[in-house]
Amino acid sequence: MSEFGRRHHDMGGLGAGPVEAGNEHDYAYWEKKIDAVRRLLADEKRNLFTVDEMRRGIEELGAKAYDEMSYYERWAASTTNILIEKGILTIDELGRRMEEVEARLKADAEGS
Amino acid sequence: MSEHHHHDHQHPKQPDLEDQPITYYKVMTEALAELLIEKDVITADELRNQMEQQDSRSPIFGARLIAKAWADPAFKERLIADVNGAAAEMDIDAGDVPIRGVENTDDVHNVVVCTLCSCYPRSLIGLPPDWYKSRAYRSRTVREPRKVLAEFGTVMPDDIDVRVHDSTADLRFLVIPKRPEGSGLMSEEELTDLVTRDSMIGVSVAKNPA
Amino acid sequence: MEAKYYVGDAVNVRRAFPPGHVRTPYFIRGQKGVIHEVVGTYSNPEELAYGRDGKPALMLYRVQFRQSDVWPDYEGSNADTALVDLYENWLEPGEGAV
């Protein structure tokens, strides 16, 4: 029974290939931004969510998402899911704004 | 604010966003930040300050603590007892999360991992490298630390105990590497240059003096 | 709050495998260790993870395990150890003191 008890993110002790220490990537601006947003949401002034909730949200993304998404993609996904759950954002407004942002970024890219 | 509206003014160009692929989560992050600012959950200033503060974090902070610990045995004791307090003596803000100093000696070598996610003493050594967050590091270090260390070129003889710290709770760990041989006459500033980020994670030792 | 365990106490990590947000790594469940440090009380992350306040707070310990106990095929010194930070609700008294 207990082999089902190891959740996907709980990987201590599993086998794996060599540690690839070579390529460290510079964090993209948006990655730094989601990191900062997460910290602000969890700070004493706002107390809107905890790092524990974000971790739990990441753990619940599912094994495939966990493996295929990058580190900060998982942060972004978890954070927005939790904010939607809490009613701080609605799916509708987020979807509309994402559509608008994407159009804006594409226009800026073409125009530059 | 939920109505779709046209902008009849130009947004200022955001060069950092333009030069990269427009990915789904980048778009989501940008939309999220804009909405949170419009709803007064966060301010643009707070966001900018937070990002700048994070950018300012680098291994140099940790290195300065280690160098001082090497130069000043009483400080080293204070560092081991309370990293956050010792850092404050040097005007370094180690943050709210308590950090433990774990000292490498002639008998013990320490290495740090977070098997469950990627906990890391960011306020003192900056953002973690990709490999620290990788499946390979997180799964293997706790089980075969000596092999992982060897992949970093760090071979520990059997008479040195290897101690792995899994950061599962609210503590973070800063390895205090051994002071390198031949560094006895170096100034604190010169010693700082010998302390690498990897030596403060424990996968490496400090650099030898040139 | 009084800590149930003291530095040097032998403890067992409960062999339980619940779902949900748990900060006791799978690899350490059912293992025998020794209390290395009594850290202090913290809100329960298993509750914080679901937006609850995590009270009553739990005592957190640093527990030390011999690697050759944890991994049957461990290659390395018999004196190599792993330290894992564990909450009191995951610990049970072990046999004998150090």
# chains A, B, ... in the order shown; residues from 1 in each chain; ligands from 1

$ interface_residues --of "chain C" --to "chain A" --cutoff "10 Å" --atoms "only C-alpha atoms" --output "list in words"
Arg15, Ala16, Phe17, Pro18, Pro19, Gly20, His21, Val22, Arg23, Thr24, Pro25, Tyr26, Phe27, Ile28, Asn44, Pro45, Glu46, Glu47, Leu48, Ala49, Tyr50, Gly51, Arg52, Val70 and Trp71 of chain C

$ interface_residues --of "chain B" --to "chain C" --cutoff "8 Å" --atoms "only C-alpha atoms" --output "ChimeraX atom specification"
/B:115-116,142-144,146,158-159,161-169

$ write_last_selection --atoms "N, CA and C atoms" --output "CSV table (one decimal), in the first residue's frame"
chain,number,residue,atom,x,y,z
B,115,THR,N,14.6,18.6,-0.2
B,115,THR,CA,14.0,17.5,-1.0
B,115,THR,C,12.6,17.8,-1.4
B,116,LEU,N,11.9,18.5,-0.6
B,116,LEU,CA,10.5,18.7,-0.9
B,116,LEU,C,10.2,19.9,-1.9
B,142,VAL,N,20.4,13.4,-0.5
B,142,VAL,CA,20.1,12.8,0.8
B,142,VAL,C,20.5,11.4,0.9
B,143,ARG,N,20.5,10.7,-0.2
B,143,ARG,CA,20.8,9.3,-0.3
B,143,ARG,C,22.2,8.9,-0.6
B,144,GLU,N,22.9,9.7,-1.5
B,144,GLU,CA,24.3,9.4,-1.8
B,144,GLU,C,25.1,10.7,-1.9
B,146,ARG,N,28.0,11.6,-0.9
B,146,ARG,CA,29.4,11.6,-1.3
B,146,ARG,C,29.5,11.5,-2.8
B,158,ASP,N,36.8,9.0,4.2
B,158,ASP,CA,35.9,8.3,5.1
B,158,ASP,C,36.0,8.8,6.5
B,159,ASP,N,37.2,9.4,6.9
B,159,ASP,CA,37.3,9.8,8.3
B,159,ASP,C,36.6,11.2,8.6
B,161,ASP,N,32.9,12.8,8.5
B,161,ASP,CA,31.5,12.5,8.5
B,161,ASP,C,30.8,13.4,7.6
B,162,VAL,N,30.0,12.9,6.7
B,162,VAL,CA,29.2,13.8,5.8
B,162,VAL,C,27.8,13.9,6.4
B,163,ARG,N,27.3,15.1,6.6
B,163,ARG,CA,26.0,15.4,7.3
B,163,ARG,C,25.2,16.1,6.3
B,164,VAL,N,24.0,15.5,6.0
B,164,VAL,CA,23.1,16.2,5.0
B,164,VAL,C,21.9,16.8,5.8
B,165,HIS,N,21.6,18.1,5.5
B,165,HIS,CA,20.5,18.8,6.1
B,165,HIS,C,19.4,19.0,5.1
B,166,ASP,N,18.3,18.4,5.4
B,166,ASP,CA,17.1,18.5,4.6
B,166,ASP,C,16.2,19.6,5.2
B,167,SER,N,16.1,20.7,4.4
B,167,SER,CA,15.4,21.9,4.9
B,167,SER,C,13.9,21.7,4.8
B,168,THR,N,13.3,21.0,5.7
B,168,THR,CA,11.8,20.7,5.5
B,168,THR,C,10.9,21.7,6.2
B,169,ALA,N,11.5,22.5,7.1
B,169,ALA,CA,10.6,23.4,7.9
B,169,ALA,C,11.0,24.8,7.7

$ residues_around --residues "Ser187 in chain B" --least-positions-apart "3" --cutoff "10 Å" --atoms "only C-alpha atoms" --output "list in words"
Ala67, Lys68, Ala71, Ser183, Gly184, Glu190, Leu191 and Thr192 of chain B

$ write_last_selection --atoms "C-alpha atoms" --output "mmCIF file, in the first residue's frame"
data_model
loop_
_atom_site.group_PDB
_atom_site.id
_atom_site.type_symbol
_atom_site.label_atom_id
_atom_site.label_comp_id
_atom_site.auth_asym_id
_atom_site.auth_seq_id
_atom_site.Cartn_x
_atom_site.Cartn_y
_atom_site.Cartn_z
ATOM 1 C CA ALA B 67 35.187 35.660 6.238
ATOM 2 C CA LYS B 68 34.525 37.466 9.470
ATOM 3 C CA ALA B 71 39.027 36.074 11.180
ATOM 4 C CA SER B 183 45.082 31.864 4.221
ATOM 5 C CA GLY B 184 46.424 32.763 7.618
ATOM 6 C CA GLU B 190 40.738 38.857 0.830
ATOM 7 C CA LEU B 191 39.140 35.995 2.736
ATOM 8 C CA THR B 192 35.714 37.001 1.396
#

$ closest_residue --among "B:Val148, B:Ala94, B:Leu65, B:Ala210" --to "chain A" --atoms "only C-alpha atoms"
B:Val148

$ residues_around --residues "Glu31 in chain A" --least-positions-apart "4" --cutoff "7 Å" --atoms "only C-alpha atoms" --output "VMD selection string"
chain A and resid 27 35 72

$ write_last_selection --atoms "N, CA and C atoms" --output "compact mmCIF listing (two decimals), in the first residue's frame"
# COMPACT_ATOMS: atom_id res chain seq x y z
N TYR A 27 17.64 34.83 -14.26
CA TYR A 27 16.19 34.86 -14.12
C TYR A 27 15.60 35.96 -15.00
N ASP A 35 8.02 36.17 -8.25
CA ASP A 35 8.65 35.94 -6.94
C ASP A 35 8.30 37.10 -6.00
N TYR A 72 9.43 28.81 -11.89
CA TYR A 72 8.57 29.98 -11.68
C TYR A 72 7.23 29.86 -12.41

$ interface_residues --of "chain A" --to "chain B" --cutoff "7 Å" --atoms "only C-alpha atoms" --output "ChimeraX atom specification"
/A:9-21,24,29-30,32-34,36-37,73,76,93-94,96-98,101-102,105,109

$ select_by_dssp --residues "chain C" --states "helix (DSSP H, G or I)" --output "list in words"
Tyr26, Phe27, Ile28, Pro45, Glu46, Glu47, Leu48, Gln67, Ser68, Asp69, Val70, Glu88, Asn89 and Trp90 of chain C

$ atom_distance --atom1 "CA of Trp75 in chain A" --atom2 "CA of Arg29 in chain C"
27.6 Å

$ atom_distance --atom1 "CA of Lys207 in chain B" --atom2 "CA of Leu194 in chain B"
4.7 Å

$ residues_around --residues "Thr196 in chain B" --least-positions-apart "3" --cutoff "12 Å" --atoms "only C-alpha atoms" --output "list in words"
Ser58, Pro59, Ile60, Phe61, Gly62, Ala63, Arg64, Ile66, Ala67, Ile125, Leu174, Val175, Ile176, Pro177, Lys178, Arg179, Leu191, Thr192, Asp193, Ser199, Met200, Ile201, Gly202, Val203, Ser204, Val205, Ala206, Lys207 and Asn208 of chain B

$ residues_around --residues "Thr90 in chain A" --least-positions-apart "6" --cutoff "10 Å" --atoms "only C-alpha atoms" --output "ChimeraX atom specification"
/A:80-81,83-84 /B:2

$ atom_distance --atom1 "CA of Gly33 in chain C" --atom2 "CA of Ala10 in chain C"
5.8 Å

$ select_by_dssp --residues "range 47-162 of chain B" --states "strand (DSSP E or B)" --output "list in words"
Ile99, Arg100, Gly101, Val102, Glu103, Val108, His109, Asn110, Val111, Val112, Val113, Asp161 and Val162 of chain B

$ write_last_selection --atoms "N, CA and C atoms" --output "PDB file, in the first residue's frame"
ATOM      1  N   ILE B  99      18.072  31.286  10.210  1.00  0.00           N
ATOM      2  CA  ILE B  99      19.094  30.561   9.457  1.00  0.00           C
ATOM      3  C   ILE B  99      20.078  29.965  10.459  1.00  0.00           C
ATOM      4  N   ARG B 100      20.406  28.720  10.265  1.00  0.00           N
ATOM      5  CA  ARG B 100      21.380  28.046  11.119  1.00  0.00           C
ATOM      6  C   ARG B 100      22.718  27.992  10.407  1.00  0.00           C
ATOM      7  N   GLY B 101      23.783  28.281  11.133  1.00  0.00           N
ATOM      8  CA  GLY B 101      25.118  28.085  10.595  1.00  0.00           C
ATOM      9  C   GLY B 101      25.561  26.672  10.925  1.00  0.00           C
ATOM     10  N   VAL B 102      26.022  25.921   9.922  1.00  0.00           N
ATOM     11  CA  VAL B 102      26.529  24.570  10.197  1.00  0.00           C
ATOM     12  C   VAL B 102      27.987  24.537   9.761  1.00  0.00           C
ATOM     13  N   GLU B 103      28.846  24.255  10.723  1.00  0.00           N
ATOM     14  CA  GLU B 103      30.269  24.461  10.527  1.00  0.00           C
ATOM     15  C   GLU B 103      30.965  23.199  10.020  1.00  0.00           C
ATOM     16  N   VAL B 108      33.693  16.876  10.316  1.00  0.00           N
ATOM     17  CA  VAL B 108      32.342  16.882   9.739  1.00  0.00           C
ATOM     18  C   VAL B 108      32.290  17.794   8.512  1.00  0.00           C
ATOM     19  N   HIS B 109      31.644  17.297   7.467  1.00  0.00           N
ATOM     20  CA  HIS B 109      31.355  18.145   6.308  1.00  0.00           C
ATOM     21  C   HIS B 109      29.844  18.176   6.105  1.00  0.00           C
ATOM     22  N   ASN B 110      29.299  19.390   6.009  1.00  0.00           N
ATOM     23  CA  ASN B 110      27.855  19.574   5.881  1.00  0.00           C
ATOM     24  C   ASN B 110      27.442  19.897   4.454  1.00  0.00           C
ATOM     25  N   VAL B 111      26.295  19.398   4.047  1.00  0.00           N
ATOM     26  CA  VAL B 111      25.728  19.764   2.753  1.00  0.00           C
ATOM     27  C   VAL B 111      24.220  19.924   2.931  1.00  0.00           C
ATOM     28  N   VAL B 112      23.652  20.893   2.210  1.00  0.00           N
ATOM     29  CA  VAL B 112      22.259  21.288   2.411  1.00  0.00           C
ATOM     30  C   VAL B 112      21.428  20.986   1.167  1.00  0.00           C
ATOM     31  N   VAL B 113      20.205  20.539   1.382  1.00  0.00           N
ATOM     32  CA  VAL B 113      19.282  20.268   0.288  1.00  0.00           C
ATOM     33  C   VAL B 113      17.873  20.588   0.778  1.00  0.00           C
ATOM     34  N   ASP B 161      32.926  12.819   8.542  1.00  0.00           N
ATOM     35  CA  ASP B 161      31.503  12.460   8.478  1.00  0.00           C
ATOM     36  C   ASP B 161      30.779  13.448   7.569  1.00  0.00           C
ATOM     37  N   VAL B 162      29.955  12.930   6.679  1.00  0.00           N
ATOM     38  CA  VAL B 162      29.153  13.804   5.829  1.00  0.00           C
ATOM     39  C   VAL B 162      27.757  13.900   6.431  1.00  0.00           C
TER      40      VAL B 162
END
